[in-house]
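Colleague: So that you have it, the file is upload-v1.pdb, and it contains PDB, C-alpha atoms:
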ATOM      1  CA  MET M 202     189.232  86.601  92.242
ATOM      2  CA  GLN M 203     186.946  86.923  89.253
ATOM      3  CA  PHE M 204     185.474  83.433  89.769
ATOM      4  CA  LEU M 205     184.844  84.211  93.446
ATOM      5  CA  ASP M 206     183.050  87.432  92.431
ATOM      6  CA  PHE M 207     181.012  85.441  89.899
ATOM      7  CA  VAL M 208     179.914  82.926  92.535
ATOM      8  CA  ALA M 209     179.231  85.576  95.181
ATOM      9  CA  PHE M 210     177.465  88.170  93.039
ATOM     10  CA  ARG M 211     176.049  86.553  89.889
ATOM     11  CA  ASP M 212     172.516  86.467  91.275
ATOM     12  CA  ILE M 213     172.474  90.191  92.084
ATOM     13  CA  GLY M 214     174.623  91.307  89.135
ATOM     14  CA  PRO M 215     175.872  92.962  87.299
ATOM     15  CA  VAL M 216     178.102  94.023  90.176
ATOM     16  CA  LEU M 217     181.366  95.922  89.982
ATOM     17  CA  THR M 218     183.928  95.172  92.657
ATOM     18  CA  LEU M 219     186.818  97.525  93.267
ATOM     19  CA  ASN M 220     189.919  96.606  95.231
ATOM     20  CA  ILE M 221     192.189  99.473  96.197
ATOM     21  CA  GLY M 222     195.454  97.980  97.394
ATOM     22  CA  GLY M 223     198.898  98.973  96.167
ATOM     23  CA  ILE M 224     197.468  98.867  92.661
ATOM     24  CA  ALA M 225     193.718  99.338  92.179
ATOM     25  CA  ASN M 226     191.703  96.863  90.137
ATOM     26  CA  CYS M 227     188.093  96.159  89.314
ATOM     27  CA  GLN M 228     186.052  93.097  88.404
ATOM     28  CA  LEU M 229     182.704  93.015  86.667
ATOM     29  CA  ALA M 230     180.623  90.082  87.935
ATOM     30  CA  ASP M 231     177.509  89.054  86.032
ATOM     31  CA  ALA M 232     175.349  85.959  85.592
ATOM     32  CA  ASP M 233     176.319  86.145  81.904
ATOM     33  CA  ARG M 234     179.977  85.139  82.174
ATOM     34  CA  SER M 235     180.670  86.476  78.668
ATOM     35  CA  ARG M 236     180.178  90.011  80.032
ATOM     36  CA  MET M 237     182.616  89.551  82.915
ATOM     37  CA  MET M 238     185.935  91.326  82.904
ATOM     38  CA  ALA M 239     188.723  92.389  85.238
ATOM     39  CA  PHE M 240     191.612  94.815  84.957
ATOM     40  CA  ASP M 241     193.901  97.126  86.880
ATOM     41  CA  THR M 242     192.730 100.723  86.962
ATOM     42  CA  GLY M 243     196.069 102.262  87.999
ATOM     43  CA  PRO M 244     197.699 103.179  91.301
ATOM     44  CA  GLY M 245     196.063 102.463  94.618
ATOM     45  CA  ASN M 246     198.076 103.384  97.701
ATOM     46  CA  VAL M 247     201.557 102.484  96.417
ATOM     47  CA  MET M 248     202.555 106.042  95.500
ATOM     48  CA  LEU M 249     200.923 107.516  98.593
ATOM     49  CA  ASP M 250     202.731 105.167 100.943
ATOM     50  CA  HIS M 251     206.086 105.816  99.268
ATOM     51  CA  ALA M 252     205.544 109.571  99.545
ATOM     52  CA  ALA M 253     204.508 109.296 103.201
ATOM     53  CA  LYS M 254     207.675 107.340 104.004
ATOM     54  CA  LYS M 255     209.970 109.731 102.167
ATOM     55  CA  LEU M 256     208.293 113.039 102.951
ATOM     56  CA  LEU M 257     206.679 112.472 106.359
ATOM     57  CA  GLY M 258     208.848 109.706 107.796
ATOM     58  CA  LYS M 259     205.694 107.637 108.357
ATOM     59  CA  PRO M 260     204.586 104.321 106.809
ATOM     60  CA  TYR M 261     201.403 105.973 105.491
ATOM     61  CA  ASP M 262     199.350 109.171 105.736
ATOM     62  CA  ALA M 263     196.877 108.147 108.455
ATOM     63  CA  ASP M 264     193.329 109.199 107.557
ATOM     64  CA  GLY M 265     194.774 111.307 104.724
ATOM     65  CA  ALA M 266     195.667 113.972 107.297
ATOM     66  CA  ALA M 267     198.587 115.469 105.350
ATOM     67  CA  ALA M 268     196.918 115.090 101.951
ATOM     68  CA  SER M 269     193.811 116.885 103.194
ATOM     69  CA  ARG M 270     195.928 119.938 104.030
ATOM     70  CA  GLY M 271     197.406 120.063 100.531
ATOM     71  CA  ALA M 272     196.221 121.373  97.194
ATOM     72  CA  VAL M 273     196.156 119.271  94.035
ATOM     73  CA  SER M 274     198.710 120.330  91.441
ATOM     74  CA  GLN M 275     196.717 120.317  88.206
ATOM     75  CA  ARG M 276     199.985 120.491  86.246
ATOM     76  CA  LEU M 277     201.366 117.336  87.874
ATOM     77  CA  LEU M 278     197.987 115.566  87.776
ATOM     78  CA  ALA M 279     197.678 116.171  84.025
ATOM     79  CA  ARG M 280     201.172 114.791  83.475
ATOM     80  CA  LEU M 281     200.475 111.704  85.610
ATOM     81  CA  LEU M 282     197.302 110.992  83.642
ATOM     82  CA  GLU M 283     199.366 110.897  80.425
ATOM     83  CA  HIS M 284     201.117 107.718  81.651
ATOM     84  CA  ASP M 285     201.365 105.017  78.963
ATOM     85  CA  PHE M 286     199.470 102.593  81.209
ATOM     86  CA  PHE M 287     196.216 104.437  80.482
ATOM     87  CA  ARG M 288     196.581 103.790  76.733
ATOM     88  CA  ARG M 289     196.559 100.020  77.326
ATOM     89  CA  LYS M 290     193.211  98.328  76.761
ATOM     90  CA  PRO M 291     191.815  95.834  79.266
ATOM     91  CA  PRO M 292     192.593  93.270  80.281
ATOM     92  CA  ARG M 293     195.645  95.089  81.578
ATOM     93  CA  SER M 294     197.930  94.850  84.563
ATOM     94  CA  ALA M 295     200.006  97.555  86.168
ATOM     95  CA  TRP M 296     203.550  96.617  87.097
ATOM     96  CA  ARG M 297     205.904  97.933  89.732
ATOM     97  CA  LEU M 298     207.655  99.967  87.048
ATOM     98  CA  ASP M 299     204.375 101.679  86.209
ATOM     99  CA  PHE M 300     203.493 103.206  89.580
ATOM    100  CA  GLY M 301     205.887 101.758  92.164
ATOM    101  CA  SER M 302     208.401 103.413  94.447
ATOM    102  CA  ALA M 303     210.792 104.404  91.649
ATOM    103  CA  PHE M 304     207.998 106.145  89.743
ATOM    104  CA  ALA M 305     206.726 107.892  92.873
ATOM    105  CA  GLN M 306     210.241 108.999  93.804
ATOM    106  CA  LYS M 307     210.756 110.413  90.309
ATOM    107  CA  GLN M 308     207.601 112.519  90.716
ATOM    108  CA  ILE M 309     208.763 113.737  94.123
ATOM    109  CA  SER M 310     212.235 114.629  92.802
ATOM    110  CA  GLU M 311     210.889 116.430  89.734
ATOM    111  CA  ASN M 312     208.354 118.434  91.753
ATOM    112  CA  ARG M 313     210.400 119.815  94.620
ATOM    113  CA  ASP M 314     208.427 123.056  94.319
ATOM    114  CA  LEU M 315     205.401 121.245  95.782
ATOM    115  CA  SER M 316     204.973 120.740  99.512
ATOM    116  CA  PRO M 317     204.670 117.208 100.901
ATOM    117  CA  GLU M 318     200.969 117.897 101.495
ATOM    118  CA  ASP M 319     200.473 119.038  97.884
ATOM    119  CA  LEU M 320     202.251 115.939  96.556
ATOM    120  CA  LEU M 321     200.104 113.674  98.733
ATOM    121  CA  ALA M 322     196.930 115.504  97.690
ATOM    122  CA  THR M 323     197.931 115.159  94.026
ATOM    123  CA  PHE M 324     198.776 111.459  94.345
ATOM    124  CA  THR M 325     195.424 110.908  96.083
ATOM    125  CA  GLU M 326     193.570 112.703  93.305
ATOM    126  CA  PHE M 327     195.564 110.732  90.724
ATOM    127  CA  THR M 328     194.387 107.469  92.280
ATOM    128  CA  ALA M 329     190.745 108.622  92.382
ATOM    129  CA  VAL M 330     190.709 110.014  88.838
ATOM    130  CA  SER M 331     192.467 106.976  87.377
ATOM    131  CA  ILE M 332     189.899 104.663  88.990
ATOM    132  CA  ALA M 333     186.930 106.746  87.822
ATOM    133  CA  ARG M 334     188.234 107.171  84.277
ATOM    134  CA  SER M 335     189.236 103.540  83.902
ATOM    135  CA  ILE M 336     185.790 102.374  84.963
ATOM    136  CA  SER M 337     183.889 104.873  82.823
ATOM    137  CA  ASP M 338     186.130 104.277  79.788
ATOM    138  CA  HIS M 339     186.252 100.477  79.889
ATOM    139  CA  ILE M 340     183.106  99.015  81.482
ATOM    140  CA  PRO M 341     180.717  98.718  78.522
ATOM    141  CA  ILE M 342     177.619  98.034  80.646
ATOM    142  CA  LEU M 343     178.281 100.700  83.254
ATOM    143  CA  SER M 344     174.733 102.074  83.010
ATOM    144  CA  GLU M 345     173.369  98.653  84.049
ATOM    145  CA  ILE M 346     175.446  98.386  87.217
ATOM    146  CA  GLN M 347     173.620  99.328  90.387
ATOM    147  CA  THR M 348     176.063  97.911  92.918
ATOM    148  CA  LEU M 349     179.716  98.782  93.507
ATOM    149  CA  ILE M 350     181.528  96.929  96.259
ATOM    150  CA  ALA M 351     184.811  98.561  97.232
ATOM    151  CA  SER M 352     187.501  97.070  99.440
ATOM    152  CA  GLY M 353     191.224  97.315  99.928
ATOM    153  CA  ALA M 354     194.275  96.528 101.943
ATOM    154  CA  ALA M 355     195.224  98.892 104.682
ATOM    155  CA  SER M 356     197.992 101.308 103.741
ATOM    156  CA  GLY M 357     201.426  99.917 104.245
ATOM    157  CA  THR M 358     200.409  96.279 103.670
ATOM    158  CA  HIS M 359     201.005  96.005  99.928
ATOM    159  CA  ILE M 360     204.146  95.100  98.007
TER     160      ILE M 360
END
Could you render the structure from this file as structure tokens?
Modeller:
Amino acid sequence: MQFLDFVAFRDIGPVLTLNIGGIANCQLADADRSRMMAFDTGPGNVMLDHAAKKLLGKPYDADGAAASRGAVSQRLLARLLEHDFFRRKPPRSAWRLDFGSAFAQKQISENRDLSPEDLLATFTEFTAVSIARSISDHIPILSEIQTLIASGAASGTHI
């Protein structure tokens, strides 16, 4: 994917591409290939889809309807952001054990005091914060980037 981004965006770079699938990842494309990099930022929709299946009986939370009715648990969010994955330096890859179904189910089981909507809202915030922090912490030329191209698989289509 990084070579494709290089070919597609090198003339308008630096460009940051963000793919939010099951696991979210970003690629920095630039005419100067020595400045290019790619890494996983953390969860994408993998935890959300697991929670929707288990808590709502649906393959995914369409349009974030349930999550939008919930409130983010700052306690749970802080704990999620302490995950060992975030101490790894790029290039880094997230594995199924990091944020997959077993991890999501553990969070659901340990936070039974939260409503399904609150869990979905918290998992959504976790995805957004992990993407933002990963980019701001690890893209050394962030101030030079004027274009971000975001894409992703539809919920329910990832591993």
Colleague: When you count all atoms listed in the file, which of these residues is closest to Ala329 (chain M): M:Gly223, M:Gly245, M:Met238, M:Arg211?
Modeller: M:Gly245
Colleague: Do you know which residues the PyMOL selection byres ((chain M and resi 288-296) around 7) returns on this file, as a VMD selection string?
Modeller: chain M and resid 239 to 241 243 285 to 287 297 to 299
Colleague: Please enumerate the residues selected by the PyMOL selection byres ((chain M and resi 308) around 10) when evaluated against the supplied file, formatted as a list in words.
Modeller: Met248, Ala252, Leu277, Arg280, Leu281, Ser302, Ala303, Phe304, Ala305, Gln306, Lys307, Ile309, Ser310, Glu311, Asn312, Arg313, Leu320 and Phe324 of chain M
Colleague: Given all atoms listed in the file as the basis, pick out the residue of M:Ala230, M:Ser269, M:Glu318, M:His339 nearest to Asp206 (chain M).
Modeller: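 Smallest separation from Asp206 (chain M) among the options: M:Ala230.
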Colleague: Using all atoms listed in the file, can you tell me which of M:Leu321, M:Ala232, M:Ile221, M:Leu315 comes closest to Ala266 (chain M)?
Modeller: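 Of all the options, M:Leu321 lies closest to Ala266 (chain M).
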Colleague: Would you fill the gaps in region 288-299 of chain M so it has all heavy atoms, then print it as a PDB file, in the coordinates of the input?
Modeller:
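Output file out.pdb is given in full below:
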ATOM      1  N   ARG M 288     196.852 104.064  78.156  1.00  0.00           N
ATOM      2  CA  ARG M 288     196.581 103.790  76.733  1.00  0.00           C
ATOM      3  C   ARG M 288     196.408 102.286  76.467  1.00  0.00           C
ATOM      4  O   ARG M 288     195.997 101.900  75.396  1.00  0.00           O
ATOM      5  CB  ARG M 288     197.712 104.357  75.869  1.00  0.00           C
ATOM      6  CG  ARG M 288     197.703 105.874  75.830  1.00  0.00           C
ATOM      7  CD  ARG M 288     198.633 106.423  74.765  1.00  0.00           C
ATOM      8  NE  ARG M 288     199.951 106.796  75.226  1.00  0.00           N
ATOM      9  CZ  ARG M 288     200.231 107.838  76.014  1.00  0.00           C
ATOM     10  NH1 ARG M 288     199.266 108.592  76.463  1.00  0.00           N
ATOM     11  NH2 ARG M 288     201.472 108.105  76.355  1.00  0.00           N
ATOM     12  N   ARG M 289     196.731 101.471  77.467  1.00  0.00           N
ATOM     13  CA  ARG M 289     196.559 100.020  77.326  1.00  0.00           C
ATOM     14  C   ARG M 289     195.087  99.674  77.499  1.00  0.00           C
ATOM     15  O   ARG M 289     194.414 100.186  78.379  1.00  0.00           O
ATOM     16  CB  ARG M 289     197.375  99.273  78.373  1.00  0.00           C
ATOM     17  CG  ARG M 289     198.845  99.513  78.288  1.00  0.00           C
ATOM     18  CD  ARG M 289     199.562  98.761  79.406  1.00  0.00           C
ATOM     19  NE  ARG M 289     200.832  99.413  79.689  1.00  0.00           N
ATOM     20  CZ  ARG M 289     201.470  99.320  80.837  1.00  0.00           C
ATOM     21  NH1 ARG M 289     200.982  98.585  81.826  1.00  0.00           N
ATOM     22  NH2 ARG M 289     202.605  99.942  81.009  1.00  0.00           N
ATOM     23  N   LYS M 290     194.602  98.772  76.669  1.00  0.00           N
ATOM     24  CA  LYS M 290     193.211  98.328  76.761  1.00  0.00           C
ATOM     25  C   LYS M 290     193.115  97.140  77.709  1.00  0.00           C
ATOM     26  O   LYS M 290     194.019  96.310  77.773  1.00  0.00           O
ATOM     27  CB  LYS M 290     192.704  97.903  75.374  1.00  0.00           C
ATOM     28  CG  LYS M 290     192.748  99.007  74.338  1.00  0.00           C
ATOM     29  CD  LYS M 290     191.661  99.994  74.563  1.00  0.00           C
ATOM     30  CE  LYS M 290     191.651 101.032  73.466  1.00  0.00           C
ATOM     31  NZ  LYS M 290     191.291 102.328  73.903  1.00  0.00           N
ATOM     32  N   PRO M 291     192.024  97.022  78.432  1.00  0.00           N
ATOM     33  CA  PRO M 291     191.815  95.834  79.266  1.00  0.00           C
ATOM     34  C   PRO M 291     191.662  94.582  78.411  1.00  0.00           C
ATOM     35  O   PRO M 291     191.181  94.703  77.289  1.00  0.00           O
ATOM     36  CB  PRO M 291     190.509  96.141  79.994  1.00  0.00           C
ATOM     37  CG  PRO M 291     190.386  97.620  79.967  1.00  0.00           C
ATOM     38  CD  PRO M 291     191.018  98.038  78.669  1.00  0.00           C
ATOM     39  N   PRO M 292     192.058  93.455  78.936  1.00  0.00           N
ATOM     40  CA  PRO M 292     192.593  93.270  80.281  1.00  0.00           C
ATOM     41  C   PRO M 292     194.017  93.824  80.347  1.00  0.00           C
ATOM     42  O   PRO M 292     194.800  93.646  79.425  1.00  0.00           O
ATOM     43  CB  PRO M 292     192.581  91.762  80.473  1.00  0.00           C
ATOM     44  CG  PRO M 292     192.683  91.195  79.099  1.00  0.00           C
ATOM     45  CD  PRO M 292     192.010  92.189  78.199  1.00  0.00           C
ATOM     46  N   ARG M 293     194.314  94.504  81.404  1.00  0.00           N
ATOM     47  CA  ARG M 293     195.645  95.089  81.578  1.00  0.00           C
ATOM     48  C   ARG M 293     196.061  94.976  83.034  1.00  0.00           C
ATOM     49  O   ARG M 293     195.220  94.931  83.930  1.00  0.00           O
ATOM     50  CB  ARG M 293     195.665  96.547  81.134  1.00  0.00           C
ATOM     51  CG  ARG M 293     194.803  97.440  81.994  1.00  0.00           C
ATOM     52  CD  ARG M 293     194.774  98.864  81.501  1.00  0.00           C
ATOM     53  NE  ARG M 293     194.002  99.685  82.427  1.00  0.00           N
ATOM     54  CZ  ARG M 293     193.530 100.863  82.130  1.00  0.00           C
ATOM     55  NH1 ARG M 293     193.749 101.387  80.943  1.00  0.00           N
ATOM     56  NH2 ARG M 293     192.849 101.549  83.019  1.00  0.00           N
ATOM     57  N   SER M 294     197.364  94.916  83.222  1.00  0.00           N
ATOM     58  CA  SER M 294     197.930  94.850  84.563  1.00  0.00           C
ATOM     59  C   SER M 294     198.965  95.950  84.705  1.00  0.00           C
ATOM     60  O   SER M 294     199.720  96.217  83.775  1.00  0.00           O
ATOM     61  CB  SER M 294     198.617  93.504  84.806  1.00  0.00           C
ATOM     62  OG  SER M 294     197.666  92.463  84.829  1.00  0.00           O
ATOM     63  N   ALA M 295     198.980  96.568  85.861  1.00  0.00           N
ATOM     64  CA  ALA M 295     200.006  97.555  86.168  1.00  0.00           C
ATOM     65  C   ALA M 295     201.164  96.820  86.843  1.00  0.00           C
ATOM     66  O   ALA M 295     200.950  95.898  87.624  1.00  0.00           O
ATOM     67  CB  ALA M 295     199.450  98.634  87.086  1.00  0.00           C
ATOM     68  N   TRP M 296     202.353  97.236  86.538  1.00  0.00           N
ATOM     69  CA  TRP M 296     203.550  96.617  87.097  1.00  0.00           C
ATOM     70  C   TRP M 296     204.220  97.605  88.043  1.00  0.00           C
ATOM     71  O   TRP M 296     203.931  98.789  88.046  1.00  0.00           O
ATOM     72  CB  TRP M 296     204.508  96.213  85.982  1.00  0.00           C
ATOM     73  CG  TRP M 296     203.849  95.265  85.037  1.00  0.00           C
ATOM     74  CD1 TRP M 296     203.273  95.572  83.839  1.00  0.00           C
ATOM     75  CD2 TRP M 296     203.637  93.881  85.230  1.00  0.00           C
ATOM     76  NE1 TRP M 296     202.724  94.454  83.266  1.00  0.00           N
ATOM     77  CE2 TRP M 296     202.938  93.394  84.099  1.00  0.00           C
ATOM     78  CE3 TRP M 296     203.966  92.980  86.242  1.00  0.00           C
ATOM     79  CZ2 TRP M 296     202.577  92.063  83.961  1.00  0.00           C
ATOM     80  CZ3 TRP M 296     203.599  91.650  86.088  1.00  0.00           C
ATOM     81  CH2 TRP M 296     202.921  91.213  84.967  1.00  0.00           C
ATOM     82  N   ARG M 297     205.155  97.098  88.805  1.00  0.00           N
ATOM     83  CA  ARG M 297     205.904  97.933  89.732  1.00  0.00           C
ATOM     84  C   ARG M 297     206.552  99.118  89.014  1.00  0.00           C
ATOM     85  O   ARG M 297     206.630 100.211  89.547  1.00  0.00           O
ATOM     86  CB  ARG M 297     207.003  97.091  90.369  1.00  0.00           C
ATOM     87  CG  ARG M 297     207.033  97.179  91.845  1.00  0.00           C
ATOM     88  CD  ARG M 297     208.149  96.313  92.330  1.00  0.00           C
ATOM     89  NE  ARG M 297     207.573  95.218  93.062  1.00  0.00           N
ATOM     90  CZ  ARG M 297     207.996  94.833  94.232  1.00  0.00           C
ATOM     91  NH1 ARG M 297     209.034  95.407  94.770  1.00  0.00           N
ATOM     92  NH2 ARG M 297     207.414  93.865  94.869  1.00  0.00           N
ATOM     93  N   LEU M 298     207.021  98.885  87.802  1.00  0.00           N
ATOM     94  CA  LEU M 298     207.655  99.967  87.048  1.00  0.00           C
ATOM     95  C   LEU M 298     206.658 101.047  86.664  1.00  0.00           C
ATOM     96  O   LEU M 298     207.037 102.190  86.419  1.00  0.00           O
ATOM     97  CB  LEU M 298     208.343  99.418  85.790  1.00  0.00           C
ATOM     98  CG  LEU M 298     209.533  98.497  86.046  1.00  0.00           C
ATOM     99  CD1 LEU M 298     210.070  97.946  84.740  1.00  0.00           C
ATOM    100  CD2 LEU M 298     210.634  99.222  86.803  1.00  0.00           C
ATOM    101  N   ASP M 299     205.384 100.694  86.578  1.00  0.00           N
ATOM    102  CA  ASP M 299     204.375 101.679  86.209  1.00  0.00           C
ATOM    103  C   ASP M 299     204.170 102.711  87.311  1.00  0.00           C
ATOM    104  O   ASP M 299     204.224 103.915  87.062  1.00  0.00           O
ATOM    105  CB  ASP M 299     203.032 101.005  85.899  1.00  0.00           C
ATOM    106  CG  ASP M 299     203.038 100.269  84.574  1.00  0.00           C
ATOM    107  OD1 ASP M 299     203.575 100.810  83.591  1.00  0.00           O
ATOM    108  OD2 ASP M 299     202.493  99.149  84.533  1.00  0.00           O
TER     109      ASP M 299
END
